[in-house]
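Accompanying notes for the structure given below.
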Amino acid sequence: MIDQCTFGFRFVKNELRTCSQPAVAWQLDLFGHGREINSLFAQMGYDAILFGRLDYQEKEQRTTEKTLQMIWKINENAPKNERWLFTGILPNLYHPPETLGLRSDIAGSLLRPSDVDTIQESASVYSKNLLEALKIQQKKYNSSNIVILYGGDFEYEDATQYFQNIDAMIDTINNIQNTTNDEKKFYVHYSTPTCFLHALSQEKRSWPVREGDFLSYAHRAHAFWTGFYTSRPGIKYYERSLGAFYQSLRQLSIVANQIDFHGLFELAEIMSLLQHHDTITGTSPMVHIDDALRRMHRAEKNGQALALSLYQHILTPSMTKNWSTPLIFCQLNESYCKPLADIDKFSAIVYNPSSISNQVWIRIPVAEQQTIHLDVDNVKKFSIDAVEFGTIGLSPMHESIPIVHKRDQLQELIVRVHVPPLSLQAVPFIISKQKQNVEQLIMATTSCSIENQHYILKVNERGVIISLQVKSINKEIDFTQHFGYYTSSSSDDISAQASGLYVFRPIGTNPPQKVNITHFYCFKRKGYEEIIQVYSSYAYQAIRLLDNSPYIEFEWIVGRLHMNVELVTSYQSKDLNNNGIFYTDSSGRSLMKRIRDQRDGYRFKQSEKSAGNYYPLVTGIMIKDEKQDLQMSIITDRAQGGGSINDGQVEIMLHRRVLTDDSLGVSETLNEPGIDGQGLVVRGRHLLSVAKPDDSMQFFREYALKSVWRPIIAFRNDSNDQPLDYKTWSLLKTELPPQVNILTIEPLSQEKNILTILFRIEHIYDRNEHSKLSKSISIQIHKIFNKYKLLKANEVTLGANMNKNEAYDRLKWTLNSTYEDKNGYKETPTFDGQIIHLYPMQIRSFIIKLTKH
C-alpha cells in the first residue's frame, strides 16, 4: 500500500506539481477500514478519510446521535501530529441522493440535448427535490457544512450533460434560497474533499473521538462481509509471493549495481493492479481474476529474466558472456521441478529479502532414477551454512497435488540453509544417475509423538493430536487441532442473505462439522520429524517439528471441495482461557484487540456466532491466558479470515467453494475449477507457538516478517557454465537490531557513479509488546550499506512526495472535552544526516545518495 501511494504521489507531482498533493483518502467500499492503513495515511500527511460503508448498527446509532463525523485515534503511541485522522461517514454510500436521476439512460433526466429550452422548468423540479434531500441530510450531521456526492457506479456516461445538470441545479437552488424565507438556507457550490475538510476544520466546535477500527462490517443482520478475507486463496498466496520477488529484485539491483528501471516499473504496475480491492479480495468475476493471473505470470517471467542478469553480475562478476541456460524457477509448492531431472549438477540460489536471518528449508524434488546430495567439499570450502537431512519418499498428501505433467519425481531432498538478512547464498549440489534407497512412509497403527528442542507433540492411535509439551516452561498442556467445514446458507426463515464472494454465512449456529482422519503416518529423522494425516479426498496435513525451530509447522493441502463447503482449521487447548479476547494484526503491522461478540465504538448485537467474530488475518492471530502468562500465536502464509469463536480456541478459514450468490453486485458464485476441473487445490502452512508472552511476541514479529518477505529460491544448471562464487553476498555491512526492518529500497536514479534510492526503515514492535525489543532504538545510517559510501541523506514523508521539514501542516481539530488523551511519544528528533531514531511501530523514509566504494 505504501508503494502504491508513493507511485501515485509521484505521478500527481510530476503531472500537476506540488500543490496538487492529495490530503484526503476516499474509500469506496470497506477495504480501508483497518486502523493501521489509516495510521499510514496520517504519516503521509493526510488530514482525513471519508467513506460510505459503515456497519448498519453503528450507522443507526451515529445517525441518531449526529456523530457521523469524528476524530479517529489511529495510533495511540505516535507523536501527536500523527495520532489522529478526521473521519467522515458519507451519505448514500458513494452515490448522489436517491431522489435524483441524472444519468442519460434514465427517462426524465433533468436535461437532454434535445430539450435545452426546458432547462429552467426541469431544474426547478429537480432542485426542489435536492433541497428536500439536503434538509434531511442536515439533520444527520452536526456540522454547518455538508457534502453531496455526484458519481458512483456506472454514473459517468455523458460529461457534458452531467455538468449541465449540476450547473442548472446549483443556480436554481441558490436562487430559491435568495427568494424564500426558508428556515434553513443552503449555499450550494462545487467543491473537493480537501476544500470540504478545510471548511469543517474552520467550524468552531469539538468532535467526538473514535478508537479501535471499523471491522468487521455488516450491511444488515446476518450479512457479515467476512468471507472475502479467505475467498480465492490461490491468488492471495501468489500476490504475497510476487510481492516478495519484486522487493527482492529491487534490493538485488543495488547489490549488483545494475538497475533496470523499466523492468522494475513493470513489476510495480502489476503489484499496484493486485492492490485493487476486488482483485486481492477475490471479489471480482472469474474472468477478471484470470486476467490478473495472466498479467502476474507475465510479470513474474520478466522478473525471472531480470534475476538472471542480476545473479550473473553478483555470482560470476568476471564472466563476460551470459550463462548458457536461464535460471530454473519451479513452483515448489507442487513438489515438482521437471528441469532438475535432466541435468548433471546444479546450484540452488537463495535470497533472503527480510532484515532478519532466515533458516530456509528447501524441499528439492528428486526423480526415481536419481540421487541428489549437497556438494560437501564446496560447502566446507566456502563455509556455507547448509545441512542435508536426507531424501524421503513423497507422501500421499503431496502426490494428491494436481499438476499438468505426469508426476515422475516421487522423492524430496530436505535441506536447511541459513541465509543472513538481505543476503544471497548459492548452494552446490551433486547429482548421480542411480536409484537411491529411500525410506518409505509406513502407515501408523499406534500412538506417536514428535519432538524438537522446543516441543513434544503427541497423537493418539487415530492420529488425533491430544497434547503438547512446552519445554520452555516444562509443562504439558491439553492441545488439539482438527479440520471442519461450514455449509453455506442460501437463505432461511431468519434472513434471505446467502453466503457468497463477500459474505460468509453458514447454515444454522452449530460449530463446523469435523472431518475425520482416515489414516496417518509418523516419520522421524534426526532434526526432522513429522506426522502426516490423511483426512479425505480434500484434506491432508503434515505436522512438523524441525531442528531448533521455535514453532510447530502445520502444512495443509485442501481442495476439490464439495459445493457450498467453507473449510476451516481449529487450534484449541482446554488449558488456555482467553476470556473472549484475541488479537489480530492490522495490515500486517499493529495488533488489534478483539472481544468476542463486541465492537469498538457502538452498541453491537451479534447475529452470526461464527461469521460475526471473523476478522482479517493478514499475518496472524493470537490468544493469551493472563493468569498462566501463556500465549498461543499463529502465523498465516497469506491473508485469511478467522477469530476465536470459543475460549482457548482459534479458528481460521482456509478455503471456500460457494455456489450461492450473496447478491452484492458480482452476480457470480465462488467456484474455482482448478487445473483438473474438479476444484481448486491449495497448499499452505501455519506456524504455531505456545510460549511466555515475550518469547511468543518475538516469534510472532519475526516469523510474520519472514512470511511476507519470503525467500526467493532458484536453481542454475552448472553443467556448462563457469563455477559460481559461493560466498555469501549481502547488501548490509552488519546485521540490524532484531526490532528493525528495512521496508523499502527503491532505486530512483543512477548518474555516473551516484545512485539515488528511496529508503524506508521501520520498528516492527509496538509499545509494551516485549520487555526489551519494544524500546526505541537508534541506527547510524552510514553503517547500513555494504560496499557503498553514503553521500547524502534527506528525510521525506512516508509517501516520499515532500521533504519532512517542508511537509504541509495537517489540519487541527478540537477533541470532545469528555475525552482524555493519553500522551504518546514526543515528536521525532529532526534527522541530523547521521542517526535514525525509531520509536515502536515507527516508519521513517529517506532519499539517499550512494556511491560505490
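Just so we're on the same page: first chain in the C-alpha cells is A, next is B, and so on; residues restart at 1 for each chain, and ligands are numbered from 1 in the order they show up.
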Counting only C-alpha atoms, which residues of region 453-543 of chain A fall within 12 Å of region 627-645 of chain A, and what is the closest atom pair for each with its distance in Å at one decimal, ordered by chain and rising number, as a Markdown table?
```
| residue | atom | partner | partner_atom | distance |
| --- | --- | --- | --- | --- |
| A:Leu468 | CA | A:Met632 | CA | 11.9 |
| A:Val470 | CA | A:Leu630 | CA | 10.5 |
| A:Ser472 | CA | A:Leu630 | CA | 11.1 |
| A:Ile473 | CA | A:Leu630 | CA | 9.5 |
| A:Lys475 | CA | A:Leu630 | CA | 11.1 |
| A:Ile477 | CA | A:Leu630 | CA | 11.0 |
| A:Phe479 | CA | A:Met632 | CA | 10.9 |
| A:Tyr502 | CA | A:Gly641 | CA | 11.7 |
| A:Val503 | CA | A:Gly641 | CA | 11.6 |
| A:Phe504 | CA | A:Gly641 | CA | 9.9 |
| A:Thr509 | CA | A:Ile645 | CA | 11.5 |
| A:Asn510 | CA | A:Ile645 | CA | 11.4 |
| A:Pro511 | CA | A:Ile645 | CA | 9.1 |
| A:Pro512 | CA | A:Ile645 | CA | 11.0 |
```
Same residues, N, CA, C and O atoms, saved as a compact mmCIF listing (two decimals), in the first residue's frame:
```txt
# COMPACT_ATOMS: atom_id res chain seq x y z
N LEU A 468 0.41 -31.26 24.05
CA LEU A 468 1.61 -30.55 23.63
C LEU A 468 2.44 -30.24 24.86
O LEU A 468 1.94 -29.61 25.80
N VAL A 470 5.36 -28.06 26.30
CA VAL A 470 6.13 -26.85 26.04
C VAL A 470 7.38 -26.90 26.92
O VAL A 470 7.31 -26.75 28.14
N SER A 472 9.97 -24.95 27.25
CA SER A 472 10.48 -23.72 27.87
C SER A 472 9.88 -23.48 29.24
O SER A 472 10.48 -22.80 30.08
N ILE A 473 8.67 -24.04 29.48
CA ILE A 473 8.04 -23.88 30.79
C ILE A 473 7.86 -25.24 31.49
O ILE A 473 7.25 -25.32 32.54
N LYS A 475 5.98 -27.83 30.80
CA LYS A 475 4.58 -28.09 31.10
C LYS A 475 3.91 -28.75 29.90
O LYS A 475 4.10 -28.34 28.75
N ILE A 477 0.35 -29.39 28.11
CA ILE A 477 -1.00 -28.84 28.09
C ILE A 477 -1.88 -29.64 27.14
O ILE A 477 -1.40 -30.27 26.19
N PHE A 479 -4.04 -30.06 24.09
CA PHE A 479 -3.99 -29.34 22.81
C PHE A 479 -4.52 -30.25 21.72
O PHE A 479 -4.25 -31.46 21.71
N TYR A 502 -18.39 -12.17 -1.06
CA TYR A 502 -18.14 -11.25 0.05
C TYR A 502 -18.53 -11.85 1.40
O TYR A 502 -17.77 -11.84 2.35
N VAL A 503 -19.76 -12.32 1.47
CA VAL A 503 -20.38 -12.67 2.74
C VAL A 503 -20.10 -14.12 3.11
O VAL A 503 -20.18 -15.02 2.27
N PHE A 504 -19.77 -14.32 4.38
CA PHE A 504 -19.71 -15.66 4.96
C PHE A 504 -20.93 -15.83 5.85
O PHE A 504 -21.10 -15.11 6.83
N THR A 509 -26.38 -22.37 13.59
CA THR A 509 -25.43 -21.83 14.56
C THR A 509 -24.52 -22.90 15.13
O THR A 509 -23.74 -22.62 16.05
N ASN A 510 -24.59 -24.11 14.61
CA ASN A 510 -23.74 -25.18 15.12
C ASN A 510 -22.29 -24.96 14.73
O ASN A 510 -21.99 -24.30 13.73
N PRO A 511 -21.35 -25.52 15.52
CA PRO A 511 -19.94 -25.43 15.14
C PRO A 511 -19.68 -26.18 13.84
O PRO A 511 -20.52 -27.00 13.41
N PRO A 512 -18.55 -25.95 13.21
CA PRO A 512 -18.28 -26.65 11.94
C PRO A 512 -18.25 -28.16 12.12
O PRO A 512 -17.83 -28.67 13.16
```
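Within 7 Å of Gln533 (chain A), once only C-alpha atoms are used and residues closer than 5 positions along the same chain are dropped, the contacting residues are A:Gly463, A:Ile517, A:His519, A:Phe520, A:Tyr521, A:Tyr540, A:Gln541, A:Ala542.
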**Request:** Extract, using only C-alpha atoms, all DNA, RNA and protein residues at most 9 Å from His189 (chain A), discarding same-chain residues fewer than 4 positions from it, and format them as a ChimeraX atom specification.
**Result:** /A:170-171,174
Let's have the selection written as a PDB file, in the first residue's frame, with C-alpha atoms.
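Result written to out13.pdb:
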```
ATOM      1  CA  ILE A 170     -26.674  24.954  -8.325  1.00  0.00           C
ATOM      2  CA  ASP A 171     -28.049  28.154  -9.888  1.00  0.00           C
ATOM      3  CA  ASN A 174     -29.151  29.286  -4.748  1.00  0.00           C
TER       4      ASN A 174
END
```
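Of the listed residues (A:Leu724, A:Cys330, A:Val558, A:Ile146), A:Val558 comes nearest to Gly679 (chain A); the distances count only C-alpha atoms.
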**Asked** Can you tell me, as a list in words, what residues are no more than 9 Å from region 258-265 of chain A when counting only C-alpha atoms, ignoring any on the same chain fewer than 3 positions away?
**Response** Tyr246, Leu249, Arg250, Leu252, Ser253, Ile254, Val255, Ala268, Glu269, Ile270, Ala299, Asn302, Gly303, Leu306, Ser309, Leu310, His313, Pro747, Leu748, Ser749 and Gln750 of chain A
Can you write just those residues out, N, CA, C and O atoms, as a PDB file, in the first residue's frame?
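Once written, again37.pdb looks like this:
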```
ATOM      1  N   TYR A 246       9.320  -9.065  -6.073  1.00  0.00           N
ATOM      2  CA  TYR A 246       9.509  -7.681  -6.509  1.00  0.00           C
ATOM      3  C   TYR A 246      10.456  -6.939  -5.565  1.00  0.00           C
ATOM      4  O   TYR A 246      11.400  -6.274  -6.006  1.00  0.00           O
ATOM      5  N   LEU A 249      14.056  -8.140  -6.081  1.00  0.00           N
ATOM      6  CA  LEU A 249      14.721  -7.630  -7.281  1.00  0.00           C
ATOM      7  C   LEU A 249      15.178  -6.188  -7.091  1.00  0.00           C
ATOM      8  O   LEU A 249      16.230  -5.786  -7.595  1.00  0.00           O
ATOM      9  N   ARG A 250      14.394  -5.390  -6.363  1.00  0.00           N
ATOM     10  CA  ARG A 250      14.829  -4.020  -6.088  1.00  0.00           C
ATOM     11  C   ARG A 250      16.107  -4.028  -5.256  1.00  0.00           C
ATOM     12  O   ARG A 250      17.046  -3.270  -5.526  1.00  0.00           O
ATOM     13  N   LEU A 252      18.312  -6.595  -4.940  1.00  0.00           N
ATOM     14  CA  LEU A 252      19.409  -7.212  -5.686  1.00  0.00           C
ATOM     15  C   LEU A 252      19.982  -6.272  -6.740  1.00  0.00           C
ATOM     16  O   LEU A 252      21.170  -6.359  -7.092  1.00  0.00           O
ATOM     17  N   SER A 253      19.145  -5.366  -7.248  1.00  0.00           N
ATOM     18  CA  SER A 253      19.640  -4.376  -8.212  1.00  0.00           C
ATOM     19  C   SER A 253      20.713  -3.505  -7.580  1.00  0.00           C
ATOM     20  O   SER A 253      21.673  -3.098  -8.250  1.00  0.00           O
ATOM     21  N   ILE A 254      20.551  -3.215  -6.282  1.00  0.00           N
ATOM     22  CA  ILE A 254      21.558  -2.410  -5.586  1.00  0.00           C
ATOM     23  C   ILE A 254      22.814  -3.237  -5.345  1.00  0.00           C
ATOM     24  O   ILE A 254      23.939  -2.752  -5.518  1.00  0.00           O
ATOM     25  N   VAL A 255      22.641  -4.516  -4.943  1.00  0.00           N
ATOM     26  CA  VAL A 255      23.793  -5.391  -4.719  1.00  0.00           C
ATOM     27  C   VAL A 255      24.628  -5.493  -5.988  1.00  0.00           C
ATOM     28  O   VAL A 255      25.859  -5.391  -5.971  1.00  0.00           O
ATOM     29  N   ALA A 268       6.188  -3.204 -10.620  1.00  0.00           N
ATOM     30  CA  ALA A 268       5.469  -2.280  -9.732  1.00  0.00           C
ATOM     31  C   ALA A 268       4.034  -2.087 -10.216  1.00  0.00           C
ATOM     32  O   ALA A 268       3.099  -2.022  -9.402  1.00  0.00           O
ATOM     33  N   GLU A 269       3.848  -1.991 -11.526  1.00  0.00           N
ATOM     34  CA  GLU A 269       2.496  -1.823 -12.081  1.00  0.00           C
ATOM     35  C   GLU A 269       1.607  -3.019 -11.746  1.00  0.00           C
ATOM     36  O   GLU A 269       0.429  -2.859 -11.383  1.00  0.00           O
ATOM     37  N   ILE A 270       2.171  -4.224 -11.842  1.00  0.00           N
ATOM     38  CA  ILE A 270       1.390  -5.421 -11.534  1.00  0.00           C
ATOM     39  C   ILE A 270       1.029  -5.457 -10.055  1.00  0.00           C
ATOM     40  O   ILE A 270      -0.104  -5.776  -9.674  1.00  0.00           O
ATOM     41  N   ALA A 299       4.468 -10.899 -15.707  1.00  0.00           N
ATOM     42  CA  ALA A 299       5.390 -10.060 -14.942  1.00  0.00           C
ATOM     43  C   ALA A 299       6.418 -10.913 -14.205  1.00  0.00           C
ATOM     44  O   ALA A 299       7.595 -10.548 -14.113  1.00  0.00           O
ATOM     45  N   ASN A 302       9.118 -11.989 -16.637  1.00  0.00           N
ATOM     46  CA  ASN A 302      10.040 -10.879 -16.898  1.00  0.00           C
ATOM     47  C   ASN A 302      10.964 -10.653 -15.707  1.00  0.00           C
ATOM     48  O   ASN A 302      12.156 -10.359 -15.864  1.00  0.00           O
ATOM     49  N   GLY A 303      10.420 -10.803 -14.496  1.00  0.00           N
ATOM     50  CA  GLY A 303      11.242 -10.670 -13.308  1.00  0.00           C
ATOM     51  C   GLY A 303      12.295 -11.754 -13.209  1.00  0.00           C
ATOM     52  O   GLY A 303      13.420 -11.510 -12.758  1.00  0.00           O
ATOM     53  N   LEU A 306      15.128 -10.810 -15.345  1.00  0.00           N
ATOM     54  CA  LEU A 306      15.909  -9.771 -14.668  1.00  0.00           C
ATOM     55  C   LEU A 306      16.779 -10.391 -13.581  1.00  0.00           C
ATOM     56  O   LEU A 306      17.944 -10.011 -13.405  1.00  0.00           O
ATOM     57  N   SER A 309      20.020 -11.828 -14.949  1.00  0.00           N
ATOM     58  CA  SER A 309      21.043 -10.806 -15.191  1.00  0.00           C
ATOM     59  C   SER A 309      21.718 -10.367 -13.893  1.00  0.00           C
ATOM     60  O   SER A 309      22.948 -10.224 -13.829  1.00  0.00           O
ATOM     61  N   LEU A 310      20.928 -10.173 -12.855  1.00  0.00           N
ATOM     62  CA  LEU A 310      21.484  -9.717 -11.574  1.00  0.00           C
ATOM     63  C   LEU A 310      22.370 -10.790 -10.955  1.00  0.00           C
ATOM     64  O   LEU A 310      23.459 -10.492 -10.445  1.00  0.00           O
ATOM     65  N   HIS A 313      25.817 -10.945 -12.525  1.00  0.00           N
ATOM     66  CA  HIS A 313      26.716  -9.890 -12.073  1.00  0.00           C
ATOM     67  C   HIS A 313      27.262 -10.154 -10.670  1.00  0.00           C
ATOM     68  O   HIS A 313      28.413  -9.817 -10.363  1.00  0.00           O
ATOM     69  N   PRO A 747      15.439   1.880  -6.133  1.00  0.00           N
ATOM     70  CA  PRO A 747      16.319   2.730  -6.947  1.00  0.00           C
ATOM     71  C   PRO A 747      15.507   3.818  -7.640  1.00  0.00           C
ATOM     72  O   PRO A 747      14.476   3.539  -8.245  1.00  0.00           O
ATOM     73  N   LEU A 748      15.967   5.061  -7.535  1.00  0.00           N
ATOM     74  CA  LEU A 748      15.269   6.187  -8.161  1.00  0.00           C
ATOM     75  C   LEU A 748      15.989   6.698  -9.402  1.00  0.00           C
ATOM     76  O   LEU A 748      15.367   7.027 -10.401  1.00  0.00           O
ATOM     77  N   SER A 749      17.304   6.797  -9.334  1.00  0.00           N
ATOM     78  CA  SER A 749      18.078   7.280 -10.482  1.00  0.00           C
ATOM     79  C   SER A 749      19.528   6.841 -10.320  1.00  0.00           C
ATOM     80  O   SER A 749      19.980   6.528  -9.213  1.00  0.00           O
ATOM     81  N   GLN A 750      20.231   6.817 -11.452  1.00  0.00           N
ATOM     82  CA  GLN A 750      21.647   6.450 -11.447  1.00  0.00           C
ATOM     83  C   GLN A 750      22.373   7.317 -12.461  1.00  0.00           C
ATOM     84  O   GLN A 750      22.072   7.269 -13.659  1.00  0.00           O
TER      85      GLN A 750
END
```
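Comparing the minimum interatomic distances between Ser357 (chain A) and each of A:Trp709, A:Tyr615, A:Phe196, A:Phe329, counting only C-alpha atoms, we find that A:Trp709 sits nearest.
Note that the spacing between CA of Ala256 (chain A) and CA of Tyr703 (chain A) amounts to 27.5 Å.
Among the candidates A:Asn646, A:Asn322, A:Gln369, A:Asn14, the one nearest to Ser610 (chain A) when counting only C-alpha atoms is A:Asn646.
If only C-alpha atoms are the atoms counted, then among A:Tyr126, A:Tyr528, A:Tyr825, A:Tyr162 the closest residue to Pro840 (chain A) is A:Tyr825.
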Name the residues in contact with Ile430 (chain A) at a cut-off of 6 Å, using only C-alpha atoms, excluding same-chain residues fewer than 5 positions from it; report them as a CSV table (one decimal) with N, CA and C atoms, in the first residue's frame.
```csv
chain,number,residue,atom,x,y,z
A,345,LYS,N,24.4,-31.5,-12.7
A,345,LYS,CA,24.7,-30.8,-11.4
A,345,LYS,C,24.1,-29.4,-11.5
A,372,ILE,N,20.5,-37.1,-5.4
A,372,ILE,CA,21.0,-35.7,-5.2
A,372,ILE,C,21.5,-35.5,-3.8
A,373,HIS,N,22.7,-34.9,-3.7
A,373,HIS,CA,23.3,-34.6,-2.4
A,373,HIS,C,23.9,-33.2,-2.4
A,375,ASP,N,26.9,-30.8,-2.3
A,375,ASP,CA,28.3,-30.9,-2.6
A,375,ASP,C,29.2,-30.5,-1.4
```
**Minimum-distance residue to Glu300 (chain A), chosen among A:Trp207, A:Tyr614, A:Tyr94, A:Tyr238 (using only C-alpha atoms)** = A:Tyr238
**Request:** From a DSSP pass on the backbone, collect the residues of region 227-302 of chain A flagged as alpha helix (DSSP H) and hand them back as a PyMOL selection string.
**Result:** chain A and resi 233-256+261-274+277-280+286-302
